[in-house]
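K.L.:
Below is the structure I would like to discuss, written out as structure tokens.
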Amino acid sequence: MSEPTPLPPKPVPDPDTQPYWDAVKERRLVVQHCGGCGHWIWQPRPVCPRCHAADPEWTEVSGAGTVASWTVVHPPVLAVWQGVVPFTILLVELDVAPGVRMVGQLVDEDGERLQTAVGVEFGARLALVWRTDEAGQVLPAWRLAP
Amino acid sequence: MSVRPGLQAVVAGIHALPYSKDIGMTERRSGALAILGALEDAGLTVADVDGMTRYVWQPTTEMEMARILGVPNLRFFGEIDYGGGAGAPTVQLAAMAIELGLADVVVVWRSRNRSSGGRPWAGQMVAEGQDQFERPHGIVRPADGFAMIARVWMHRWGWRREDLGRVAIAVREHALKNPMAMMHGRPLTMEDYLAARMIAEPLCLFDNCLETDAALAMVLTSAERAADLETTPAYVTGYAMGSGPEVYAMTNYYGPELSPTPNAFVAPELWANTGLQAADIGVAQFYDAFTPQVPVAFQEFGFCADGEGAAYLVSGEAPPYNTSGGGLSEAYTHGFNLLVEGVRQVRGTSTDQVEGAGHVLVTSGNVVPTGAIVFSREPR
């Protein structure tokens, strides 16, 4: 028996986050936008935390943004990533909604994970790229925008 | 706080089993032994215990621990969540029960096989709740989440790696005087620090706390009950909790502002509750899972201005901190060793005793909902 292939952590949607993951499957990035007060909401929740309107609308965004922070991951890491460290995880502030920040890996234009953080600095421009992880899960990722 | 003076909570007993990489027993057993040690230290017995509080992350419940020890009846029990944020709040919960007259003798403990039991993050392959938006991208270890925040602080305030290194070294210096510390006999230089391997940039090995098996306990009772005991009481002068807005565990970076931690909300409550201010604190035990938490805690508790934490630490004005070696160099116990060391400083029994420290501040994890507590030599 060979060792099972190591897998990355698997996102598990719940009823309040399912629309996000449904959109991800179609390679669309959605963020909740409150129809009542215009507040952009991240992470997802069932009620707008500002005006308390229920069911903020899932709204597609371009994913364009800037670097709000980043880390470069070194060992020890999960088995699935042992051969690919170092890699860079970005905190991305979306243009559409200052204050909405998402986490995603730094990739190239083909969605391949980069082993360098060269060019990453506070405020650097980022563009959304979709990548597929080791388990076949589609995930948003970002590349440095020219 | 308006509590009848005789009911003011005091810490009457403390105990810690020797720290190790492999304690060789269950957390249930080590926790029970720590509690028995703390009761003996207080001059009390299991028959006196009528309350227990614990961290939610403590694998043994109050019910199970009370059963193991043969406690006749728990008149008060409860748990506080959020990992390292739970330390001071769990003691606060015990103190509140005493001050409300709901219990006379309350036991608090933390036992954790964080070394021999493996790394919790290594087995978490399912990402639910906030984790579903983080873990699949690689935010897996506590250091990964915290590194993002550390980089923001360093950028905003111009902190260099050497500033963090000085925290690691200062804490290590205390550990060198503490025979119980995991890093006793292991000096650390700036050269060592700067040459260390990276874990999650900008954090290197020495910016991270230890992986330790540990078991510690504390016994609280009222000032009037403690007056009949041989023990030197550590008076609980005050306590406070706080979350701040848009709070997440370890990844507190989706809110409107990136820099304040939940401690920024704890501090004003604590000073209001105690009638004290930073200048009254003779020695501090700041939660130090990661080095950058220390200068930020000095800022947020008002020892220095926003952004000046790193400069303050080398100004000569800062009170001694993490005098047993803290989480970075004594043991990582979700901050319970900081609480125990706070009591030792009040008693005058620290291995790096600060003379004349009437008030000791102990804080808990500052990137989760958290709290802080002040122990004092005199009643309030």
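Letters for chains follow the order of the structure tokens (A, B, ...), residue numbers begin at 1 for each chain, and ligand numbers begin at 1 in the order shown.
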Pull the closest atom pair for each residue of chain B that gets at most 8 Å from chain A, along with the distance in Å to one decimal, counting only C-alpha atoms, ordering rows by chain and then ascending residue number, as a tab-separated table.

P.N.:
```
residue	atom	partner	partner_atom	distance
B:Ala122	CA	A:Leu78	CA	6.0
B:Gln124	CA	A:Pro9	CA	7.1
B:Met125	CA	A:Pro9	CA	4.2
B:Val126	CA	A:Lys10	CA	5.0
B:Ala127	CA	A:Pro11	CA	4.7
B:Glu128	CA	A:Val12	CA	5.2
B:Gly129	CA	A:Asp14	CA	7.9
B:Gln130	CA	A:Gln43	CA	7.4
B:Asp131	CA	A:Pro11	CA	7.7
B:Gln132	CA	A:Pro11	CA	4.6
B:Phe133	CA	A:Val103	CA	7.0
B:Glu134	CA	A:Val103	CA	6.1
B:Arg135	CA	A:Pro9	CA	6.2
B:Pro136	CA	A:Pro9	CA	5.0
B:His137	CA	A:Gly104	CA	5.4
B:Gly138	CA	A:Ile89	CA	6.9
B:Ile139	CA	A:Ile89	CA	7.7
B:Asp144	CA	A:Thr71	CA	7.0
B:Ala147	CA	A:Thr71	CA	6.0
B:Met148	CA	A:Trp70	CA	5.4
B:Ile149	CA	A:Ser69	CA	7.5
B:Arg151	CA	A:Ser69	CA	6.6
B:Val152	CA	A:Ser69	CA	6.3
B:Met198	CA	A:His74	CA	6.2
B:Ile199	CA	A:His74	CA	4.9
B:Ala200	CA	A:Val73	CA	4.7
B:Glu201	CA	A:Val72	CA	5.0
B:Pro202	CA	A:Thr71	CA	6.8
B:Tyr253	CA	A:Arg101	CA	7.3
B:Tyr254	CA	A:Arg101	CA	5.5
B:Gly255	CA	A:Gly99	CA	6.3
B:Pro256	CA	A:Gly99	CA	5.1
B:Glu257	CA	A:Gly99	CA	7.4
```

K.L.:
Taking 3 positions as the minimum chain separation for residues in the same chain, which residues sit within 7 Å of Ala64 in chain A when counting only C-alpha atoms? Answer as an MDAnalysis selection string.

P.N.:
chainID A and resid 94:95 126:128

K.L.:
Tell me, as an MDAnalysis selection string, which residues lie within 8 Å of Leu33 in chain B, counting only C-alpha atoms; anything in the same chain fewer than 4 positions away does not count.

P.N.:
chainID B and resid 17 29 37

K.L.:
I need the alpha helix (DSSP H) residues of range 120-361 of chain B per DSSP on the backbone, written as JSON, numbers by chain.

P.N.:
{"B": [142, 143, 144, 145, 146, 147, 148, 149, 150, 151, 152, 153, 154, 155, 156, 157, 161, 162, 163, 164, 165, 166, 167, 168, 169, 170, 171, 172, 173, 174, 175, 190, 191, 192, 193, 194, 195, 223, 224, 225, 226, 263, 264, 265, 266, 267, 268, 269, 270, 271, 272, 273, 274, 293, 294, 295, 296, 297, 298, 299, 300, 309, 310, 311, 312, 313, 336, 337, 338, 339, 340, 341, 342, 343, 344, 345, 346, 347]}

K.L.:
Include C-alpha atoms and write out the residues we just selected as an mmCIF file, in the first residue's frame.

P.N.:
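Below is the file again.cif, written as the result:
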```cif
data_model
loop_
_atom_site.group_PDB
_atom_site.id
_atom_site.type_symbol
_atom_site.label_atom_id
_atom_site.label_comp_id
_atom_site.auth_asym_id
_atom_site.auth_seq_id
_atom_site.Cartn_x
_atom_site.Cartn_y
_atom_site.Cartn_z
ATOM 1 C CA PRO B 142 -1.237 30.349 13.892
ATOM 2 C CA ALA B 143 1.969 31.976 12.625
ATOM 3 C CA ASP B 144 0.584 32.226 9.086
ATOM 4 C CA GLY B 145 -2.403 34.268 10.162
ATOM 5 C CA PHE B 146 -0.440 36.396 12.578
ATOM 6 C CA ALA B 147 2.423 37.088 10.142
ATOM 7 C CA MET B 148 0.089 39.173 7.974
ATOM 8 C CA ILE B 149 -0.669 41.425 10.947
ATOM 9 C CA ALA B 150 2.952 41.555 12.078
ATOM 10 C CA ARG B 151 3.996 42.793 8.653
ATOM 11 C CA VAL B 152 1.412 45.575 8.794
ATOM 12 C CA TRP B 153 2.659 46.680 12.206
ATOM 13 C CA MET B 154 6.299 46.622 11.104
ATOM 14 C CA HIS B 155 5.482 48.629 7.991
ATOM 15 C CA ARG B 156 3.249 51.145 9.741
ATOM 16 C CA TRP B 157 5.634 51.854 12.580
ATOM 17 C CA ARG B 161 13.643 42.598 12.559
ATOM 18 C CA GLU B 162 16.137 43.704 15.202
ATOM 19 C CA ASP B 163 13.274 45.303 17.148
ATOM 20 C CA LEU B 164 11.554 41.932 17.349
ATOM 21 C CA GLY B 165 14.835 40.207 18.077
ATOM 22 C CA ARG B 166 15.319 42.392 21.137
ATOM 23 C CA VAL B 167 12.015 41.092 22.520
ATOM 24 C CA ALA B 168 13.060 37.486 21.973
ATOM 25 C CA ILE B 169 16.403 38.142 23.657
ATOM 26 C CA ALA B 170 14.948 40.092 26.605
ATOM 27 C CA VAL B 171 12.501 37.306 27.338
ATOM 28 C CA ARG B 172 15.246 34.712 26.953
ATOM 29 C CA GLU B 173 17.379 36.564 29.503
ATOM 30 C CA HIS B 174 14.620 36.021 32.060
ATOM 31 C CA ALA B 175 14.392 32.346 31.140
ATOM 32 C CA MET B 190 21.023 38.927 17.978
ATOM 33 C CA GLU B 191 23.300 37.037 15.621
ATOM 34 C CA ASP B 192 21.406 33.818 16.428
ATOM 35 C CA TYR B 193 18.119 35.596 15.942
ATOM 36 C CA LEU B 194 18.957 37.129 12.579
ATOM 37 C CA ALA B 195 20.376 33.830 11.297
ATOM 38 C CA ALA B 223 -9.756 37.863 50.868
ATOM 39 C CA GLU B 224 -11.559 36.952 54.095
ATOM 40 C CA ARG B 225 -11.134 33.231 53.479
ATOM 41 C CA ALA B 226 -7.471 33.735 52.548
ATOM 42 C CA ASN B 263 -6.424 44.693 23.723
ATOM 43 C CA ALA B 264 -7.018 48.280 22.599
ATOM 44 C CA PHE B 265 -10.561 47.763 23.855
ATOM 45 C CA VAL B 266 -9.545 45.849 26.988
ATOM 46 C CA ALA B 267 -7.080 48.483 28.217
ATOM 47 C CA PRO B 268 -9.457 51.405 28.915
ATOM 48 C CA GLU B 269 -11.877 49.025 30.636
ATOM 49 C CA LEU B 270 -9.107 47.614 32.784
ATOM 50 C CA TRP B 271 -7.782 51.004 33.856
ATOM 51 C CA ALA B 272 -11.314 52.181 34.622
ATOM 52 C CA ASN B 273 -12.074 49.038 36.614
ATOM 53 C CA THR B 274 -8.859 49.146 38.609
ATOM 54 C CA GLN B 293 2.628 41.178 20.398
ATOM 55 C CA VAL B 294 4.799 42.616 23.172
ATOM 56 C CA PRO B 295 5.544 46.124 21.804
ATOM 57 C CA VAL B 296 1.931 46.411 20.623
ATOM 58 C CA ALA B 297 0.693 45.502 24.106
ATOM 59 C CA PHE B 298 2.914 48.194 25.625
ATOM 60 C CA GLN B 299 1.295 50.661 23.228
ATOM 61 C CA GLU B 300 -2.259 49.558 23.670
ATOM 62 C CA GLY B 309 6.449 50.263 21.325
ATOM 63 C CA ALA B 310 9.754 49.169 19.852
ATOM 64 C CA ALA B 311 11.554 52.386 20.827
ATOM 65 C CA TYR B 312 9.993 52.252 24.301
ATOM 66 C CA LEU B 313 11.414 48.801 24.927
ATOM 67 C CA PHE B 336 -1.313 30.395 31.890
ATOM 68 C CA ASN B 337 2.363 30.537 32.883
ATOM 69 C CA LEU B 338 2.128 34.326 32.553
ATOM 70 C CA LEU B 339 -0.699 34.324 35.088
ATOM 71 C CA VAL B 340 1.216 32.080 37.486
ATOM 72 C CA GLU B 341 4.311 34.253 37.112
ATOM 73 C CA GLY B 342 2.183 37.315 37.821
ATOM 74 C CA VAL B 343 1.230 35.762 41.151
ATOM 75 C CA ARG B 344 4.853 34.877 41.905
ATOM 76 C CA GLN B 345 5.877 38.495 41.362
ATOM 77 C CA VAL B 346 3.231 39.588 43.870
ATOM 78 C CA ARG B 347 4.425 36.976 46.349
#
```

K.L.:
Among range 51-107 of chain A, which residues does DSSP mark as strand (DSSP E) when it is run on the backbone? Keep the chain and numbering as in the structure and answer as a PyMOL selection string.

P.N.:
chain A and resi 57-61+65-73+87-94+101-105

K.L.:
So the first atom is CA of Asn208 in chain B and the second is CA of Glu121 in chain A; what is the distance between them in Å, to one decimal place?

P.N.:
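These atoms are spaced 23.5 Å apart.
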
K.L.:
To one decimal place, how far is CA of Thr212 in chain B from CA of Thr189 in chain B in Å?

P.N.:
22.1 Å

K.L.:
Report, in Å to a single decimal, how far apart CA of Thr291 in chain B and CA of Phe206 in chain B are.

P.N.:
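Distance between the two atoms: 8.1 Å.
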